[in-house]
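Participant: Quick one: structure below, then a few questions.
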Amino acid sequence: MTNQGPIPVVVNGAAGKMGREVIKAVSEAPDMDLVGAIDTSPEHQEKDAGELAGLSEPLEVPITNQMEPMLAFASQGKQQGVVVDFTHPDCVYDNVRSAIAYGVRPVVGTTGLSPQKLQDLADFADKASTGCLIIPNFSIGMVLLQQAAVTASKYFEHVEIIELHHNQKADAPSGTAIKTAQMLGELGKTYNQAIVNETEHIAGARGSQADEGIRIHSVRLPGLIAHQEVIFGASGQIYTLRHDTSDRTCYMPGVLLAIRKVIQLKSLVYGLEKIL
Ligand SMILES: NC(=O)C1=CN([C@@H]2O[C@H](COP(=O)(O)OP(=O)(O)OC[C@H]3O[C@@H](n4cnc5c(N)ncnc54)[C@H](OP(=O)(O)O)[C@@H]3O)[C@@H](O)[C@H]2O)C=CC1
Ligand SMILES: O=C(O)C1=N[C@H](C(=O)O)C[C@H](O)C1
């Protein structure tokens, strides 16, 4: 590929917990240029994205709630523009549609897209021949946990997932837990065949049940960031896989990789493991 200069990057959800980390990471990447910072939060309008992210120098990129002009700007350079989305489950579908319509490549960390909406976006990206990455979890540790879980699923018939997050999280279960259950389901197995008639005396006590028969339990508490356990059980043994995040910087190598990869794609790809 010829060198067409730095990749123009717009961050949507720029004032949020993840958006601020992405601003820092992109501004330090030599092959990327932060060209826009979108956020609807009224108290942050016009603030400098760099200062908001805790950088010592301003980046001269003001926070704006005007998405369409930003997408138009990011689509005009010689190099393809990328928009990184860490916003909210309620707006992510429309955000991705708009980006693709402008020819700007979405890298999406926002969770909460239903399987139907994911499929719609895949069809839309296909028709436009536009790369789009939807990544429920950007940390390498989670990819390794999921791979270990898929290996274990060949040998175990019983498994449940516990995901634990900070209590500002809008969606449950987490996008990561849903993806993990889907990956375990790809062997075509039905897990957790009941051996007794169970009664829930308090609704939800046994968690939610994903299609694959896997129970997902969601914990929300201040003090947590993002954690997941996949617990396999068989006669006389328990096999537990656990991933803990202690800082949101753990997602940044994955985000930067996704920005570099998405401009080479012509369709939608779901999951970090597919681009490693
Ligand atoms: N894939 C991954 O690896 C990870 C994914 N996530 C996901 O990313 C998403 C964001 O997480 P997080 O940063 O913690 O959330 P935050 O609430 O901290 O940040 C979201 C930001 O987006 C803003 N926002 C809301 N709606 C819009 C909109 N329509 N357009 C532009 N900005 C908007 C919010 O403003 P306001 O506060 O005013 O609503 C807020 O500033 C969640 O879905 C979360 O699950 C999180 C971590 C890792
Ligand atoms: O909201 C979060 O914080 C996170 N959300 C993602 C999810 O729903 O899986 C990824 C990670 O767990 C952090």
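We name chains A, B, ... following the order of the structure tokens; residues begin at 1 in each chain, and ligands are numbered from 1 as shown.
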List the neighbours of Lys261 in chain A out to 9 Å using only C-alpha atoms; skip same-chain residues closer than 4 positions along the sequence, and give me the result as a compact mmCIF listing (two decimals) with all heavy atoms, in the first residue's frame.
Facilitator:
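Writing the result to result_36.txt gives the following:
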# COMPACT_ATOMS: atom_id res chain seq x y z
N GLY A 131 -15.12 -1.07 5.10
CA GLY A 131 -14.67 -1.79 6.29
C GLY A 131 -15.35 -1.25 7.53
O GLY A 131 -15.62 -0.05 7.64
N LEU A 133 -15.33 -2.40 11.91
CA LEU A 133 -14.95 -3.36 12.95
C LEU A 133 -15.83 -3.16 14.17
O LEU A 133 -15.91 -2.04 14.69
CB LEU A 133 -13.48 -3.17 13.32
CG LEU A 133 -12.49 -3.81 12.35
CD1 LEU A 133 -11.07 -3.34 12.64
CD2 LEU A 133 -12.57 -5.33 12.44
N LEU A 256 -5.85 0.73 18.60
CA LEU A 256 -4.93 1.23 17.56
C LEU A 256 -4.78 0.22 16.43
O LEU A 256 -4.76 0.57 15.24
CB LEU A 256 -3.56 1.57 18.17
CG LEU A 256 -3.57 2.71 19.21
CD1 LEU A 256 -2.14 2.99 19.70
CD2 LEU A 256 -4.19 3.99 18.67
N LEU A 257 -4.69 -1.07 16.81
CA LEU A 257 -4.62 -2.11 15.78
C LEU A 257 -5.86 -2.06 14.88
O LEU A 257 -5.77 -2.15 13.65
CB LEU A 257 -4.51 -3.49 16.45
CG LEU A 257 -4.60 -4.69 15.50
CD1 LEU A 257 -3.32 -4.81 14.68
CD2 LEU A 257 -4.84 -5.98 16.28
N LEU A 265 -10.14 -3.16 5.07
CA LEU A 265 -11.29 -4.07 4.94
C LEU A 265 -12.37 -3.51 4.02
O LEU A 265 -12.45 -2.29 3.83
CB LEU A 265 -11.92 -4.32 6.32
CG LEU A 265 -11.03 -4.94 7.40
CD1 LEU A 265 -11.77 -4.99 8.73
CD2 LEU A 265 -10.59 -6.34 6.99
N ILE A 275 -8.79 -10.19 13.74
CA ILE A 275 -7.81 -9.29 13.09
C ILE A 275 -6.42 -9.40 13.71
O ILE A 275 -5.53 -8.65 13.38
CB ILE A 275 -8.28 -7.80 13.11
CG1 ILE A 275 -8.54 -7.30 14.55
CG2 ILE A 275 -9.51 -7.60 12.24
CD1 ILE A 275 -8.60 -5.79 14.66
Participant: List all protein, DNA and RNA residues that have an atom no more than 7 Å from any atom of ligand 2, counting only C-alpha atoms and all ligand atoms, and report them as an MDAnalysis selection string.
Facilitator: chainID A and resid 111 136:137 165:166 169 171 174:177 225:227
Participant: Ligand 1: which residues are within 6 Å, counting only C-alpha atoms and all ligand atoms? Reply as JSON, numbers by chain.
Facilitator: {"A": [12, 13, 15, 16, 17, 18, 19, 38, 39, 40, 41, 86, 87, 88, 89, 91, 109, 110, 111, 135, 136, 137, 138, 251]}
Participant: A:Ile162, A:Val82, A:Ala53, A:Val61: which is nearest Arg260 in chain A, counting only C-alpha atoms?
Facilitator: A:Val82
Participant: Let me make sure I understand: among A:Glu163, A:Asp85, A:Asp123, A:Glu229, which one has the smallest atom-to-atom distance to Val22 in chain A if we use only C-alpha atoms?
Facilitator: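 Of A:Glu163, A:Asp85, A:Asp123, A:Glu229, the one nearest Val22 in chain A, counting only C-alpha atoms, is A:Asp85.
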Participant: Within 7 Å of Val83 in chain A, counting only C-alpha atoms, which residues show up once you throw out same-chain ones fewer than 5 positions away? Write them as a ChimeraX atom specification, please.
Facilitator: /A:9-12,104-107
Participant: Output C-alpha atoms of each residue in that selection to a file, as a tab-separated table (two decimals), in the first residue's frame.
Facilitator:
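Heads up, here's the output in part_14.tsv:
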chain	number	residue	atom	x	y	z
A	9	VAL	CA	-9.32	9.70	13.24
A	10	VAL	CA	-12.52	11.06	14.77
A	11	VAL	CA	-13.45	9.91	18.28
A	12	ASN	CA	-17.17	9.70	19.11
A	104	VAL	CA	-15.74	6.83	7.04
A	105	ARG	CA	-14.64	3.47	8.54
A	106	PRO	CA	-16.18	2.70	11.96
A	107	VAL	CA	-14.20	1.05	14.76
Participant: With only C-alpha atoms as the counted atoms, please give the residues lying no more than 7 Å from range 156-160 of chain A, apart from itself and same-chain residues fewer than 2 positions off, as a ChimeraX atom specification.
Facilitator: /A:152-154,162,191-192,214-216,230-234
Participant: Give me a file of those residues, with N, CA and C atoms, as a compact mmCIF listing (two decimals), in the first residue's frame.
Facilitator:
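Result written to again05.txt:
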# COMPACT_ATOMS: atom_id res chain seq x y z
N ALA A 152 -11.83 -25.56 26.13
CA ALA A 152 -12.44 -26.32 27.24
C ALA A 152 -13.84 -26.82 26.90
N SER A 153 -14.53 -26.06 26.05
CA SER A 153 -15.93 -26.41 25.76
C SER A 153 -16.04 -27.75 25.02
N LYS A 154 -14.94 -28.22 24.43
CA LYS A 154 -14.98 -29.53 23.76
C LYS A 154 -15.09 -30.66 24.78
N ILE A 162 -19.97 -15.41 34.58
CA ILE A 162 -20.24 -14.27 35.48
C ILE A 162 -19.46 -13.08 34.96
N TYR A 191 -25.57 -26.76 26.22
CA TYR A 191 -24.95 -26.96 27.53
C TYR A 191 -26.02 -27.07 28.62
N ASN A 192 -25.59 -27.52 29.77
CA ASN A 192 -26.36 -27.40 31.01
C ASN A 192 -27.74 -28.06 30.95
N ILE A 214 -26.42 -21.29 27.96
CA ILE A 214 -25.43 -20.84 28.94
C ILE A 214 -26.02 -19.72 29.79
N ARG A 215 -25.92 -19.84 31.08
CA ARG A 215 -26.40 -18.79 32.00
C ARG A 215 -25.35 -17.68 32.08
N ILE A 216 -25.83 -16.43 32.01
CA ILE A 216 -24.94 -15.28 32.21
C ILE A 216 -25.45 -14.49 33.42
N VAL A 230 -15.47 -17.48 33.40
CA VAL A 230 -16.17 -18.57 32.70
C VAL A 230 -15.87 -19.82 33.54
N ILE A 231 -16.94 -20.41 34.08
CA ILE A 231 -16.76 -21.53 35.02
C ILE A 231 -17.31 -22.81 34.40
N PHE A 232 -16.44 -23.76 34.17
CA PHE A 232 -16.84 -25.08 33.65
C PHE A 232 -16.94 -26.05 34.82
N GLY A 233 -17.95 -26.91 34.79
CA GLY A 233 -18.09 -27.92 35.85
C GLY A 233 -18.29 -29.29 35.26
N ALA A 234 -17.71 -30.29 35.92
CA ALA A 234 -17.93 -31.70 35.55
C ALA A 234 -17.78 -32.50 36.84
Participant: Can you tell me, as JSON, numbers by chain, what residues are no more than 7 Å from range 74-77 of chain A when counting only C-alpha atoms, ignoring any on the same chain fewer than 5 positions away?
Facilitator: {"A": [8, 102, 103, 104]}
Participant: With only C-alpha atoms as the basis for distance, which of A:Asp126, A:Glu21, A:Asp90, A:Asp120 is at the shortest distance from Glu51 in chain A?
Facilitator: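 Looking only at the distances to Glu51 in chain A, the closest residue turns out to be A:Glu21.
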Participant: Please determine, counting only C-alpha atoms, which residue among A:Leu276, A:Ala125, A:Ile263, A:Ile195 has the shortest atom-to-atom distance to Gln79 in chain A.
Facilitator: A:Ile263
Participant: As a ChimeraX atom specification, please: every residue in range 215-276 of chain A that DSSP puts in strand (DSSP E or B).
Facilitator: /A:215-220,226-234,237-245,268-270
Participant: Could you go through range 63-204 of chain A and tell me which residues DSSP, when run on the backbone, assigns to alpha helix (DSSP H), listing them as a PyMOL selection string?
Facilitator: chain A and resi 67-74+92-101+115-128+140-153+175-185
Participant: Rank nothing, just name the residue among A:Ala181, A:Ala128, A:Ala194, A:Ile63 nearest to Lys266 in chain A, using only C-alpha atoms.
Facilitator: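 Smallest distance to Lys266 in chain A is found for A:Ala128.
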